[in-house]
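Shown here: input_37.cif, mmCIF, C-alpha atoms; chains and numbers go by the auth columns.
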data_target
#
loop_
_atom_site.group_PDB
_atom_site.id
_atom_site.type_symbol
_atom_site.label_atom_id
_atom_site.label_comp_id
_atom_site.label_asym_id
_atom_site.label_seq_id
_atom_site.Cartn_x
_atom_site.Cartn_y
_atom_site.Cartn_z
_atom_site.B_iso_or_equiv
_atom_site.auth_seq_id
_atom_site.auth_asym_id
ATOM 1 C CA MET A 1 81.890 134.670 91.992 0.00 1 A
ATOM 2 C CA LYS A 2 79.490 131.940 93.066 0.00 2 A
ATOM 3 C CA ILE A 3 81.920 129.035 92.669 0.00 3 A
ATOM 4 C CA THR A 4 84.608 130.857 94.681 0.00 4 A
ATOM 5 C CA ARG A 5 82.110 131.642 97.452 0.00 5 A
ATOM 6 C CA ILE A 6 80.925 128.016 97.584 0.00 6 A
ATOM 7 C CA ASN A 7 84.531 126.818 97.796 0.00 7 A
ATOM 8 C CA LYS A 8 85.197 129.236 100.647 0.00 8 A
ATOM 9 C CA ILE A 9 82.053 128.126 102.487 0.00 9 A
ATOM 10 C CA GLN A 10 83.207 124.507 102.254 0.00 10 A
ATOM 11 C CA ALA A 11 86.694 125.413 103.493 0.00 11 A
ATOM 12 C CA MET A 12 85.213 127.335 106.438 0.00 12 A
ATOM 13 C CA LEU A 13 82.887 124.453 107.251 0.00 13 A
ATOM 14 C CA GLU A 14 85.665 121.879 107.165 0.00 14 A
ATOM 15 C CA LYS A 15 87.497 123.990 109.741 0.00 15 A
ATOM 16 C CA GLU A 16 84.572 125.022 111.978 0.00 16 A
ATOM 17 C CA LYS A 17 82.273 121.965 111.465 0.00 17 A
ATOM 18 C CA SER A 18 79.134 124.155 111.741 0.00 18 A
ATOM 19 C CA LEU A 19 78.147 127.616 110.514 0.00 19 A
ATOM 20 C CA SER A 20 75.097 129.830 110.869 0.00 20 A
ATOM 21 C CA ILE A 21 73.368 131.450 107.913 0.00 21 A
ATOM 22 C CA ASN A 22 73.716 134.854 109.577 0.00 22 A
ATOM 23 C CA HIS A 23 77.466 134.354 109.947 0.00 23 A
ATOM 24 C CA LEU A 24 77.786 133.432 106.263 0.00 24 A
ATOM 25 C CA CYS A 25 75.739 136.452 105.177 0.00 25 A
ATOM 26 C CA ASP A 26 78.027 138.728 107.197 0.00 26 A
ATOM 27 C CA ALA A 27 81.187 137.024 105.978 0.00 27 A
ATOM 28 C CA PHE A 28 80.322 137.349 102.287 0.00 28 A
ATOM 29 C CA GLN A 29 78.065 140.428 102.419 0.00 29 A
ATOM 30 C CA VAL A 30 75.278 138.707 100.493 0.00 30 A
ATOM 31 C CA SER A 31 71.603 138.018 101.160 0.00 31 A
ATOM 32 C CA LYS A 32 70.147 135.006 102.939 0.00 32 A
ATOM 33 C CA ASN A 33 68.586 133.852 99.682 0.00 33 A
ATOM 34 C CA THR A 34 72.029 133.817 98.040 0.00 34 A
ATOM 35 C CA ILE A 35 73.521 131.821 100.906 0.00 35 A
ATOM 36 C CA ARG A 36 70.583 129.392 100.848 0.00 36 A
ATOM 37 C CA ARG A 37 71.233 128.741 97.147 0.00 37 A
ATOM 38 C CA ASP A 38 74.892 128.071 97.919 0.00 38 A
ATOM 39 C CA ILE A 39 73.874 125.714 100.723 0.00 39 A
ATOM 40 C CA ALA A 40 71.518 123.888 98.370 0.00 40 A
ATOM 41 C CA GLU A 41 74.439 123.311 95.983 0.00 41 A
ATOM 42 C CA LEU A 42 76.663 121.988 98.794 0.00 42 A
ATOM 43 C CA GLU A 43 73.800 119.810 100.039 0.00 43 A
ATOM 44 C CA LYS A 44 73.351 118.382 96.539 0.00 44 A
ATOM 45 C CA ARG A 45 77.032 117.438 96.537 0.00 45 A
ATOM 46 C CA GLY A 46 76.593 115.583 99.827 0.00 46 A
ATOM 47 C CA ILE A 47 78.926 117.864 101.759 0.00 47 A
ATOM 48 C CA VAL A 48 76.573 119.591 104.229 0.00 48 A
ATOM 49 C CA LYS A 49 73.581 118.863 106.396 0.00 49 A
ATOM 50 C CA LYS A 50 71.048 121.618 107.044 0.00 50 A
ATOM 51 C CA VAL A 51 70.166 122.322 110.671 0.00 51 A
ATOM 52 C CA TYR A 52 68.014 125.025 112.250 0.00 52 A
ATOM 53 C CA GLY A 53 69.582 128.384 111.387 0.00 53 A
ATOM 54 C CA GLY A 54 72.611 126.998 109.591 0.00 54 A
ATOM 55 C CA ILE A 55 74.597 124.003 108.340 0.00 55 A
ATOM 56 C CA THR A 56 76.937 121.321 109.641 0.00 56 A
ATOM 57 C CA LEU A 57 79.589 119.250 107.905 0.00 57 A
ATOM 58 C CA LYS A 58 78.353 115.843 106.854 0.00 58 A
ATOM 59 C CA GLU A 59 81.061 113.946 108.714 0.00 59 A
ATOM 60 C CA ALA A 60 79.958 110.552 107.448 0.00 60 A
ATOM 61 C CA SER A 61 80.355 111.556 103.818 0.00 61 A
ATOM 62 C CA ILE A 62 83.006 109.511 102.040 0.00 62 A
ATOM 63 C CA ASN A 63 83.839 112.667 100.070 0.00 63 A
ATOM 64 C CA SER A 64 84.878 114.656 103.144 0.00 64 A
ATOM 65 C CA PRO A 65 88.672 115.053 103.115 0.00 65 A
ATOM 66 C CA GLU A 66 90.373 112.903 105.728 0.00 66 A
ATOM 67 C CA PRO A 67 92.664 114.900 108.058 0.00 67 A
ATOM 68 C CA PHE A 68 96.193 115.151 106.669 0.00 68 A
ATOM 69 C CA ASN A 69 97.956 113.499 109.607 0.00 69 A
ATOM 70 C CA GLN A 70 95.717 110.440 109.310 0.00 70 A
ATOM 71 C CA ARG A 71 96.360 110.121 105.569 0.00 71 A
ATOM 72 C CA GLU A 72 100.099 110.704 105.931 0.00 72 A
ATOM 73 C CA SER A 73 100.565 107.738 108.268 0.00 73 A
ATOM 74 C CA LYS A 74 98.981 105.248 105.846 0.00 74 A
ATOM 75 C CA HIS A 75 101.025 103.295 103.257 0.00 75 A
ATOM 76 C CA SER A 76 104.151 105.300 104.084 0.00 76 A
ATOM 77 C CA ALA A 77 106.642 102.869 102.524 0.00 77 A
ATOM 78 C CA GLU A 78 104.647 102.695 99.281 0.00 78 A
ATOM 79 C CA LYS A 79 104.417 106.490 99.078 0.00 79 A
ATOM 80 C CA LYS A 80 108.171 106.891 99.522 0.00 80 A
ATOM 81 C CA LYS A 81 108.770 104.367 96.751 0.00 81 A
ATOM 82 C CA VAL A 82 106.569 106.360 94.378 0.00 82 A
ATOM 83 C CA ALA A 83 108.209 109.641 95.437 0.00 83 A
ATOM 84 C CA ARG A 84 111.652 108.193 94.657 0.00 84 A
ATOM 85 C CA ILE A 85 110.504 107.235 91.160 0.00 85 A
ATOM 86 C CA ALA A 86 109.115 110.740 90.624 0.00 86 A
ATOM 87 C CA ALA A 87 112.346 112.379 91.803 0.00 87 A
ATOM 88 C CA SER A 88 114.338 110.410 89.229 0.00 88 A
ATOM 89 C CA PHE A 89 112.613 112.459 86.504 0.00 89 A
ATOM 90 C CA VAL A 90 113.863 115.755 87.935 0.00 90 A
ATOM 91 C CA HIS A 91 117.050 117.057 86.318 0.00 91 A
ATOM 92 C CA ASP A 92 119.449 119.894 87.043 0.00 92 A
ATOM 93 C CA ASN A 93 117.953 123.361 86.406 0.00 93 A
ATOM 94 C CA ASP A 94 114.352 122.085 86.277 0.00 94 A
ATOM 95 C CA ILE A 95 111.488 124.297 87.404 0.00 95 A
ATOM 96 C CA ILE A 96 108.941 121.981 88.999 0.00 96 A
ATOM 97 C CA TYR A 97 105.637 122.197 90.831 0.00 97 A
ATOM 98 C CA ILE A 98 105.090 119.803 93.740 0.00 98 A
ATOM 99 C CA ASP A 99 101.418 119.417 94.638 0.00 99 A
ATOM 100 C CA SER A 100 100.069 119.086 98.155 0.00 100 A
ATOM 101 C CA GLY A 101 99.643 115.454 99.148 0.00 101 A
ATOM 102 C CA THR A 102 100.944 112.693 101.365 0.00 102 A
ATOM 103 C CA THR A 103 102.988 111.136 98.535 0.00 103 A
ATOM 104 C CA THR A 104 104.412 114.165 96.731 0.00 104 A
ATOM 105 C CA MET A 105 105.828 115.566 99.985 0.00 105 A
ATOM 106 C CA HIS A 106 108.290 112.649 100.136 0.00 106 A
ATOM 107 C CA MET A 107 110.102 113.742 96.959 0.00 107 A
ATOM 108 C CA LEU A 108 112.403 116.256 98.649 0.00 108 A
ATOM 109 C CA PRO A 109 115.010 113.894 100.172 0.00 109 A
ATOM 110 C CA TYR A 110 115.489 112.278 96.765 0.00 110 A
ATOM 111 C CA LEU A 111 116.231 115.636 95.112 0.00 111 A
ATOM 112 C CA VAL A 112 119.237 116.697 97.186 0.00 112 A
ATOM 113 C CA ASN A 113 121.779 115.587 94.573 0.00 113 A
ATOM 114 C CA LYS A 114 120.183 117.725 91.850 0.00 114 A
ATOM 115 C CA LYS A 115 121.593 121.156 91.046 0.00 115 A
ATOM 116 C CA ASN A 116 119.727 124.460 90.782 0.00 116 A
ATOM 117 C CA ILE A 117 116.229 123.002 91.214 0.00 117 A
ATOM 118 C CA THR A 118 113.389 125.508 91.531 0.00 118 A
ATOM 119 C CA ILE A 119 110.404 124.172 93.459 0.00 119 A
ATOM 120 C CA ILE A 120 107.047 125.952 93.291 0.00 120 A
ATOM 121 C CA THR A 121 104.460 124.745 95.789 0.00 121 A
ATOM 122 C CA ALA A 122 101.351 125.572 97.811 0.00 122 A
ATOM 123 C CA SER A 123 102.032 122.759 100.287 0.00 123 A
ATOM 124 C CA ILE A 124 103.076 123.540 103.860 0.00 124 A
ATOM 125 C CA ASN A 125 104.683 120.107 104.147 0.00 125 A
ATOM 126 C CA VAL A 126 106.763 120.572 100.997 0.00 126 A
ATOM 127 C CA ILE A 127 107.812 124.004 102.276 0.00 127 A
ATOM 128 C CA ASN A 128 108.873 122.536 105.620 0.00 128 A
ATOM 129 C CA SER A 129 110.770 119.705 103.908 0.00 129 A
ATOM 130 C CA ALA A 130 112.633 122.196 101.730 0.00 130 A
ATOM 131 C CA ILE A 131 113.483 124.336 104.756 0.00 131 A
ATOM 132 C CA ALA A 132 115.040 121.282 106.406 0.00 132 A
ATOM 133 C CA PHE A 133 117.679 121.356 103.664 0.00 133 A
ATOM 134 C CA GLU A 134 118.244 125.109 103.921 0.00 134 A
ATOM 135 C CA ALA A 135 121.713 124.685 105.457 0.00 135 A
ATOM 136 C CA THR A 136 122.881 123.033 102.244 0.00 136 A
ATOM 137 C CA LYS A 137 120.940 125.526 100.077 0.00 137 A
ATOM 138 C CA LYS A 138 119.764 122.768 97.773 0.00 138 A
ATOM 139 C CA PHE A 139 116.554 124.297 96.447 0.00 139 A
ATOM 140 C CA ASN A 140 115.196 127.552 95.074 0.00 140 A
ATOM 141 C CA LEU A 141 111.816 127.630 96.786 0.00 141 A
ATOM 142 C CA ILE A 142 108.832 129.659 95.549 0.00 142 A
ATOM 143 C CA THR A 143 105.592 129.568 97.546 0.00 143 A
ATOM 144 C CA THR A 144 102.238 130.552 96.102 0.00 144 A
ATOM 145 C CA GLY A 145 100.654 132.200 99.122 0.00 145 A
ATOM 146 C CA GLY A 146 96.884 132.095 99.474 0.00 146 A
ATOM 147 C CA SER A 147 94.364 130.982 102.098 0.00 147 A
ATOM 148 C CA LEU A 148 95.396 127.973 104.163 0.00 148 A
ATOM 149 C CA TYR A 149 93.178 124.947 103.611 0.00 149 A
ATOM 150 C CA TYR A 150 93.636 122.947 106.799 0.00 150 A
ATOM 151 C CA PRO A 151 92.625 119.404 105.737 0.00 151 A
ATOM 152 C CA SER A 152 95.485 119.356 103.192 0.00 152 A
ATOM 153 C CA LEU A 153 97.798 121.870 104.891 0.00 153 A
ATOM 154 C CA ALA A 154 97.991 123.729 101.589 0.00 154 A
ATOM 155 C CA PHE A 155 97.282 127.203 100.267 0.00 155 A
ATOM 156 C CA THR A 156 94.286 127.694 97.981 0.00 156 A
ATOM 157 C CA GLY A 157 92.384 130.519 96.341 0.00 157 A
ATOM 158 C CA PRO A 158 92.721 132.934 93.394 0.00 158 A
ATOM 159 C CA SER A 159 96.188 134.110 94.463 0.00 159 A
ATOM 160 C CA VAL A 160 97.545 130.598 93.841 0.00 160 A
ATOM 161 C CA LEU A 161 96.186 130.599 90.297 0.00 161 A
ATOM 162 C CA LYS A 162 97.622 134.069 89.704 0.00 162 A
ATOM 163 C CA CYS A 163 101.013 132.957 90.988 0.00 163 A
ATOM 164 C CA LEU A 164 101.112 129.998 88.605 0.00 164 A
ATOM 165 C CA ASN A 165 100.749 132.352 85.623 0.00 165 A
ATOM 166 C CA ASN A 166 104.157 133.853 86.395 0.00 166 A
ATOM 167 C CA TYR A 167 106.365 130.800 85.891 0.00 167 A
ATOM 168 C CA ASN A 168 107.449 128.407 83.152 0.00 168 A
ATOM 169 C CA ILE A 169 106.983 125.072 84.896 0.00 169 A
ATOM 170 C CA SER A 170 108.775 122.167 83.229 0.00 170 A
ATOM 171 C CA LYS A 171 107.291 119.332 85.305 0.00 171 A
ATOM 172 C CA VAL A 172 104.202 119.073 87.506 0.00 172 A
ATOM 173 C CA PHE A 173 103.979 116.407 90.207 0.00 173 A
ATOM 174 C CA LEU A 174 100.357 115.872 91.220 0.00 174 A
ATOM 175 C CA ALA A 175 98.538 114.002 93.971 0.00 175 A
ATOM 176 C CA ALA A 176 95.002 112.559 93.928 0.00 176 A
ATOM 177 C CA THR A 177 92.542 111.140 96.437 0.00 177 A
ATOM 178 C CA GLY A 178 91.757 108.348 93.998 0.00 178 A
ATOM 179 C CA ILE A 179 91.710 107.339 90.353 0.00 179 A
ATOM 180 C CA SER A 180 89.484 105.295 88.101 0.00 180 A
ATOM 181 C CA ILE A 181 89.285 104.810 84.365 0.00 181 A
ATOM 182 C CA GLU A 182 85.702 106.080 84.343 0.00 182 A
ATOM 183 C CA ASN A 183 86.196 109.250 86.400 0.00 183 A
ATOM 184 C CA GLY A 184 89.908 109.913 85.969 0.00 184 A
ATOM 185 C CA ALA A 185 91.994 111.575 88.675 0.00 185 A
ATOM 186 C CA THR A 186 89.761 112.784 91.497 0.00 186 A
ATOM 187 C CA ASN A 187 90.047 114.874 94.628 0.00 187 A
ATOM 188 C CA ALA A 188 87.966 115.386 97.761 0.00 188 A
ATOM 189 C CA SER A 189 88.586 119.136 98.010 0.00 189 A
ATOM 190 C CA ILE A 190 86.799 121.671 95.850 0.00 190 A
ATOM 191 C CA SER A 191 89.215 124.291 97.174 0.00 191 A
ATOM 192 C CA GLU A 192 92.206 122.519 95.626 0.00 192 A
ATOM 193 C CA ASN A 193 90.505 121.302 92.474 0.00 193 A
ATOM 194 C CA GLU A 194 90.785 124.566 90.527 0.00 194 A
ATOM 195 C CA ILE A 195 94.533 124.574 91.204 0.00 195 A
ATOM 196 C CA LYS A 196 94.960 121.013 89.956 0.00 196 A
ATOM 197 C CA LYS A 197 92.995 121.832 86.809 0.00 197 A
ATOM 198 C CA LYS A 198 95.209 124.863 86.227 0.00 198 A
ATOM 199 C CA LEU A 199 98.324 122.724 86.608 0.00 199 A
ATOM 200 C CA ILE A 200 97.021 120.245 84.042 0.00 200 A
ATOM 201 C CA GLU A 201 96.848 123.152 81.576 0.00 201 A
ATOM 202 C CA GLU A 202 100.539 123.955 82.066 0.00 202 A
ATOM 203 C CA ALA A 203 102.906 123.213 79.178 0.00 203 A
ATOM 204 C CA GLY A 204 105.238 120.958 81.172 0.00 204 A
ATOM 205 C CA GLN A 205 105.045 117.213 81.731 0.00 205 A
ATOM 206 C CA LYS A 206 102.370 115.986 84.147 0.00 206 A
ATOM 207 C CA PHE A 207 103.132 113.222 86.646 0.00 207 A
ATOM 208 C CA LEU A 208 100.507 111.675 88.944 0.00 208 A
ATOM 209 C CA LEU A 209 101.849 110.028 92.103 0.00 209 A
ATOM 210 C CA ILE A 210 99.587 107.507 93.842 0.00 210 A
ATOM 211 C CA ASP A 211 99.889 104.366 95.896 0.00 211 A
ATOM 212 C CA SER A 212 97.861 101.314 94.910 0.00 212 A
ATOM 213 C CA SER A 213 95.270 101.841 97.667 0.00 213 A
ATOM 214 C CA LYS A 214 93.852 104.703 95.576 0.00 214 A
ATOM 215 C CA LEU A 215 93.025 102.578 92.527 0.00 215 A
ATOM 216 C CA ASP A 216 89.337 102.329 91.611 0.00 216 A
ATOM 217 C CA ILE A 217 88.507 105.167 94.012 0.00 217 A
ATOM 218 C CA SER A 218 86.315 108.026 92.794 0.00 218 A
ATOM 219 C CA SER A 219 86.265 111.013 95.104 0.00 219 A
ATOM 220 C CA LEU A 220 84.112 114.132 95.005 0.00 220 A
ATOM 221 C CA ILE A 221 85.333 115.835 91.847 0.00 221 A
ATOM 222 C CA THR A 222 87.453 115.031 88.789 0.00 222 A
ATOM 223 C CA PHE A 223 90.357 117.320 87.957 0.00 223 A
ATOM 224 C CA CYS A 224 91.471 115.494 84.806 0.00 224 A
ATOM 225 C CA PRO A 225 90.926 112.349 82.739 0.00 225 A
ATOM 226 C CA LEU A 226 93.819 109.909 82.999 0.00 226 A
ATOM 227 C CA GLU A 227 94.708 110.493 79.350 0.00 227 A
ATOM 228 C CA ALA A 228 95.621 114.114 80.192 0.00 228 A
ATOM 229 C CA LEU A 229 98.618 112.828 82.170 0.00 229 A
ATOM 230 C CA ASP A 230 102.046 112.039 80.761 0.00 230 A
ATOM 231 C CA TYR A 231 103.014 109.650 83.568 0.00 231 A
ATOM 232 C CA ILE A 232 101.228 107.672 86.273 0.00 232 A
ATOM 233 C CA LEU A 233 103.607 106.501 88.985 0.00 233 A
ATOM 234 C CA LEU A 234 102.605 103.635 91.306 0.00 234 A
ATOM 235 C CA ASP A 235 104.227 101.470 93.946 0.00 235 A
ATOM 236 C CA THR A 236 103.150 98.241 92.234 0.00 236 A
ATOM 237 C CA LEU A 237 101.579 97.048 88.993 0.00 237 A
ATOM 238 C CA PRO A 238 97.859 97.922 88.746 0.00 238 A
ATOM 239 C CA PRO A 239 95.113 95.693 87.278 0.00 239 A
ATOM 240 C CA LYS A 240 95.381 94.942 83.560 0.00 240 A
ATOM 241 C CA LYS A 241 92.641 97.417 82.652 0.00 241 A
ATOM 242 C CA TYR A 242 94.903 100.297 83.728 0.00 242 A
ATOM 243 C CA ILE A 243 97.868 98.893 81.828 0.00 243 A
ATOM 244 C CA GLN A 244 95.740 98.580 78.695 0.00 244 A
ATOM 245 C CA TYR A 245 94.226 102.046 79.120 0.00 245 A
ATOM 246 C CA CYS A 246 97.631 103.684 79.498 0.00 246 A
ATOM 247 C CA HIS A 247 98.942 101.815 76.456 0.00 247 A
ATOM 248 C CA ASP A 248 95.955 102.898 74.364 0.00 248 A
ATOM 249 C CA HIS A 249 96.190 106.548 75.423 0.00 249 A
ATOM 250 C CA ASN A 250 99.978 106.952 75.365 0.00 250 A
ATOM 251 C CA VAL A 251 100.270 107.435 79.135 0.00 251 A
ATOM 252 C CA HIS A 252 103.497 106.117 80.642 0.00 252 A
ATOM 253 C CA LEU A 253 102.745 103.813 83.579 0.00 253 A
ATOM 254 C CA LEU A 254 105.704 103.167 85.876 0.00 254 A
ATOM 255 C CA THR A 255 106.077 101.257 89.128 0.00 255 A
ATOM 256 C CA GLY A 256 108.887 100.414 91.508 0.00 256 A
ATOM 257 C CA GLU A 257 109.811 97.518 89.249 0.00 257 A
ATOM 258 C CA THR A 258 110.126 99.711 86.134 0.00 258 A
ATOM 259 C CA GLU A 259 111.558 103.005 87.390 0.00 259 A
ATOM 260 C CA PRO A 260 113.990 104.868 85.098 0.00 260 A
ATOM 261 C CA MET A 261 117.633 105.449 85.901 0.00 261 A
ATOM 262 C CA ASP A 262 118.912 108.901 86.851 0.00 262 A
ATOM 263 C CA ASP A 263 120.848 110.806 84.186 0.00 263 A
#

Here is the file; what I need is its structure written in the form of structure tokens.
Amino acid sequence: MKITRINKIQAMLEKEKSLSINHLCDAFQVSKNTIRRDIAELEKRGIVKKVYGGITLKEASINSPEPFNQRESKHSAEKKKVARIAASFVHDNDIIYIDSGTTTMHMLPYLVNKKNITIITASINVINSAIAFEATKKFNLITTGGSLYYPSLAFTGPSVLKCLNNYNISKVFLAATGISIENGATNASISENEIKKKLIEEAGQKFLLIDSSKLDISSLITFCPLEALDYILLDTLPPKKYIQYCHDHNVHLLTGETEPMDD
């Protein structure tokens, strides 16, 4: 499918930084005209720059995903505060999905006192955090498999979506590059966006974990309007417009000052 091929081209480009048209034609077994149409779509989105015989990643684009290790080191204390709030919603015997992200990955240490928790994830960092507790056998861990998307250290692709169809997920803990009232919850990665949209369709409760630096930020693509969420978890109170919006749309907005107590 065209959208899948475009997503794969972007993922390849984010890894390699430059690609030739001939290489893309060989990789996908399609014509140059087909690849040129895909490139035109990526160029329209501000992701690529055309060069002689191929394309390069538009490094200066604000929509290009920042490398994971750079994002992870920013606002660490705030992210851990939000992760602790999120973990307080997890109860014994829950089946939860933990999204890839630099905030969601911090949930694991706050879950060690829960019993019989099943964690489904595509995130390498969540997997590694769960493995760190393997000696105490605290978690039932299910990984989605898929193609590794390096900027987020997470698996993507159709196999992830297929995997999600197999489980009854009670709670979904999502990450975002930024949020705004106008554009909702947004993400810089097309490769991950289909997965986030799929998770929003799940029957369980949806939690969005963000630190306050992501407020009023609109990234490349929207995966859901804010009203599609059950909870937005923040490290501190946001501007009044967010408080009013959440009140009007029945979205629970919680911060470090208003976190719930464990059962």

**Study point:** Counting all atoms listed in the file, the option among A:Ser147, A:Asn93, A:Ser100, A:Ser129 closest to Lys171 (chain A)
**Key:**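 Using all atoms listed in the file, Lys171 (chain A) sits closest to A:Asn93.
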
Exercise for review: Give me, please, the distance in Å between CA of Leu234 (chain A) and CA of Ala203 (chain A), quoted to one decimal.
Suggested key: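 Computing the Euclidean distance for CA of Leu234 (chain A) and CA of Ala203 (chain A) yields 23.0 Å.
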
Exercise for review: Translate the PyMOL selection byres ((chain A and resi 164) around 9), as applied to the file shown, into an explicit residue set as a PyMOL selection string.
Suggested key: chain A and resi 120+144+159-163+165-169+195+198-199+202

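With only C-alpha atoms as the basis for measurement, A:Ile85 is the residue among A:Leu19, A:Val172, A:Val112, A:Ile85 that approaches Thr255 (chain A) most closely.
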
Exercise for review: Do a neighbour search on Thr186 (chain A) at 9 Å with all atoms listed in the file, toss out local chain neighbours closer than 4 positions, and write the hits as a list in words.
Suggested key: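 Within the cut-off, the hits are Ala176, Thr177, Gly178, Ile179, Ser180, Asn193, Ile217, Ser218, Ser219, Leu220, Ile221, Thr222, Phe223, Cys224 and Pro225 of chain A.
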
Residues of the last selection are to be written out with C-alpha atoms, as a compact mmCIF listing (two decimals), in the coordinates of the input.
# COMPACT_ATOMS: atom_id res chain seq x y z
CA ALA A 176 95.00 112.56 93.93
CA THR A 177 92.54 111.14 96.44
CA GLY A 178 91.76 108.35 94.00
CA ILE A 179 91.71 107.34 90.35
CA SER A 180 89.48 105.30 88.10
CA ASN A 193 90.50 121.30 92.47
CA ILE A 217 88.51 105.17 94.01
CA SER A 218 86.32 108.03 92.79
CA SER A 219 86.26 111.01 95.10
CA LEU A 220 84.11 114.13 95.00
CA ILE A 221 85.33 115.84 91.85
CA THR A 222 87.45 115.03 88.79
CA PHE A 223 90.36 117.32 87.96
CA CYS A 224 91.47 115.49 84.81
CA PRO A 225 90.93 112.35 82.74

Practice item. For Leu253 (chain A), work out the shell of residues within 9 Å, counting all atoms listed in the file and skipping chain neighbours fewer than 5 positions away, then give it as a ChimeraX atom specification. Key: /A:230-234,237,242-243,246-247,258

Selected residues written out, C-alpha atoms, as a CSV table (one decimal), in the frame of the given file:
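So out_8.csv came out as:
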chain,number,residue,atom,x,y,z
A,230,ASP,CA,102.0,112.0,80.8
A,231,TYR,CA,103.0,109.6,83.6
A,232,ILE,CA,101.2,107.7,86.3
A,233,LEU,CA,103.6,106.5,89.0
A,234,LEU,CA,102.6,103.6,91.3
A,237,LEU,CA,101.6,97.0,89.0
A,242,TYR,CA,94.9,100.3,83.7
A,243,ILE,CA,97.9,98.9,81.8
A,246,CYS,CA,97.6,103.7,79.5
A,247,HIS,CA,98.9,101.8,76.5
A,258,THR,CA,110.1,99.7,86.1

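For the structure in this document, the set picked by the PyMOL selection byres ((chain A and resi 77) around 12) is A:Glu72, A:Ser73, A:Lys74, A:His75, A:Ser76, A:Glu78, A:Lys79, A:Lys80, A:Lys81, A:Val82, A:Ala83, A:Arg84, A:Thr102, A:Thr103, A:His106, A:Asp211, A:Ser212, A:Leu234, A:Asp235, A:Thr236, A:Gly256.
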
Check your understanding: Can you list, as a ChimeraX atom specification, the residues that the PyMOL selection byres ((chain A and resi 109) around 12) selects here?
Key -> /A:80-81,83-84,86-88,104-108,110-114,126,128-133,138-139

Given 3 Å on each side, where is the centre and what are the edge lengths in Å to one decimal of the axis-aligned box enclosing the listed atoms of region 83-99 of chain A, as AutoDock Vina command-line options?
--center_x 110.4 --center_y 115.8 --center_z 90.9 --size_x 24.0 --size_y 23.1 --size_z 15.2

Practice item. Work out how far apart CA of Lys240 (chain A) and CA of Glu201 (chain A) are and give it in Å to one decimal. Key: 28.3 Å

**Study point:** Distance of CA of Ala11 (chain A) from CA of Tyr149 (chain A), expressed in Å to one decimal place
**Key:** 6.5 Å

Practice item. For each of A:Lys214, A:His252, A:Lys241, A:Lys58, take the minimum atom-to-atom distance to Gln10 (chain A), counting all atoms listed in the file, then give the residue where this is smallest. Key: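 So, comparing all the options, the nearest one is A:Lys58.
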
Practice item. Kindly indicate which residue among A:Asp216, A:Asn22, A:Asn187, A:Phe173 lies nearest to Leu229 (chain A), using all atoms listed in the file for the distances. Key: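 Nearest to Leu229 (chain A): A:Phe173.
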
Point to revise | Within 7 Å of Asn140 (chain A) using all atoms listed in the file, minus same-chain residues under 4 positions, as a PyMOL selection string | key: chain A and resi 116-119

Practice item. Pick out the closest residue to Asn7 (chain A) from this set: A:Ala154, A:Leu174, A:Ile190, A:Cys25. Count only C-alpha atoms. Key: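 Answer, going by the shortest atom-to-atom distance: A:Ile190.
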
Point to revise | Proximity to Ile6 (chain A) - best of A:His91, A:Gly53, A:Ser18, A:Phe28, only C-alpha atoms | key: A:Phe28

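Using only C-alpha atoms, the residues found no farther than 8 Å from Leu153 (chain A), other than those of its own chain fewer than 2 positions away, are Phe68, Ser100, Ser123, Ile124, Asn125, Leu148, Tyr149, Tyr150, Pro151 and Phe155 of chain A.
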
Could you please fill out region 122-131 of chain A with N, CA and C atoms and send it back as a PDB file, in the frame of the given file?
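Below is the file that was written, part_4.pdb:
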ATOM      1  N   ALA A 122     102.323 124.994  96.885  1.00  0.00           N
ATOM      2  CA  ALA A 122     101.351 125.572  97.811  1.00  0.00           C
ATOM      3  C   ALA A 122     101.271 124.741  99.086  1.00  0.00           C
ATOM      4  N   SER A 123     102.110 123.724  99.189  1.00  0.00           N
ATOM      5  CA  SER A 123     102.032 122.759 100.287  1.00  0.00           C
ATOM      6  C   SER A 123     102.907 123.160 101.471  1.00  0.00           C
ATOM      7  N   ILE A 124     102.317 123.256 102.642  1.00  0.00           N
ATOM      8  CA  ILE A 124     103.076 123.540 103.860  1.00  0.00           C
ATOM      9  C   ILE A 124     104.117 122.461 104.121  1.00  0.00           C
ATOM     10  N   ASN A 125     103.760 121.200 103.872  1.00  0.00           N
ATOM     11  CA  ASN A 125     104.683 120.107 104.147  1.00  0.00           C
ATOM     12  C   ASN A 125     105.869 120.102 103.194  1.00  0.00           C
ATOM     13  N   VAL A 126     105.645 120.454 101.935  1.00  0.00           N
ATOM     14  CA  VAL A 126     106.763 120.572 100.997  1.00  0.00           C
ATOM     15  C   VAL A 126     107.659 121.742 101.408  1.00  0.00           C
ATOM     16  N   ILE A 127     107.034 122.847 101.808  1.00  0.00           N
ATOM     17  CA  ILE A 127     107.812 124.004 102.276  1.00  0.00           C
ATOM     18  C   ILE A 127     108.697 123.614 103.458  1.00  0.00           C
ATOM     19  N   ASN A 128     108.105 122.935 104.439  1.00  0.00           N
ATOM     20  CA  ASN A 128     108.873 122.536 105.620  1.00  0.00           C
ATOM     21  C   ASN A 128     109.990 121.564 105.271  1.00  0.00           C
ATOM     22  N   SER A 129     109.733 120.652 104.325  1.00  0.00           N
ATOM     23  CA  SER A 129     110.770 119.705 103.908  1.00  0.00           C
ATOM     24  C   SER A 129     111.923 120.436 103.230  1.00  0.00           C
ATOM     25  N   ALA A 130     111.587 121.424 102.399  1.00  0.00           N
ATOM     26  CA  ALA A 130     112.633 122.196 101.730  1.00  0.00           C
ATOM     27  C   ALA A 130     113.456 122.997 102.730  1.00  0.00           C
ATOM     28  N   ILE A 131     112.783 123.557 103.732  1.00  0.00           N
ATOM     29  CA  ILE A 131     113.483 124.336 104.756  1.00  0.00           C
ATOM     30  C   ILE A 131     114.465 123.469 105.525  1.00  0.00           C
TER      31      ILE A 131
END
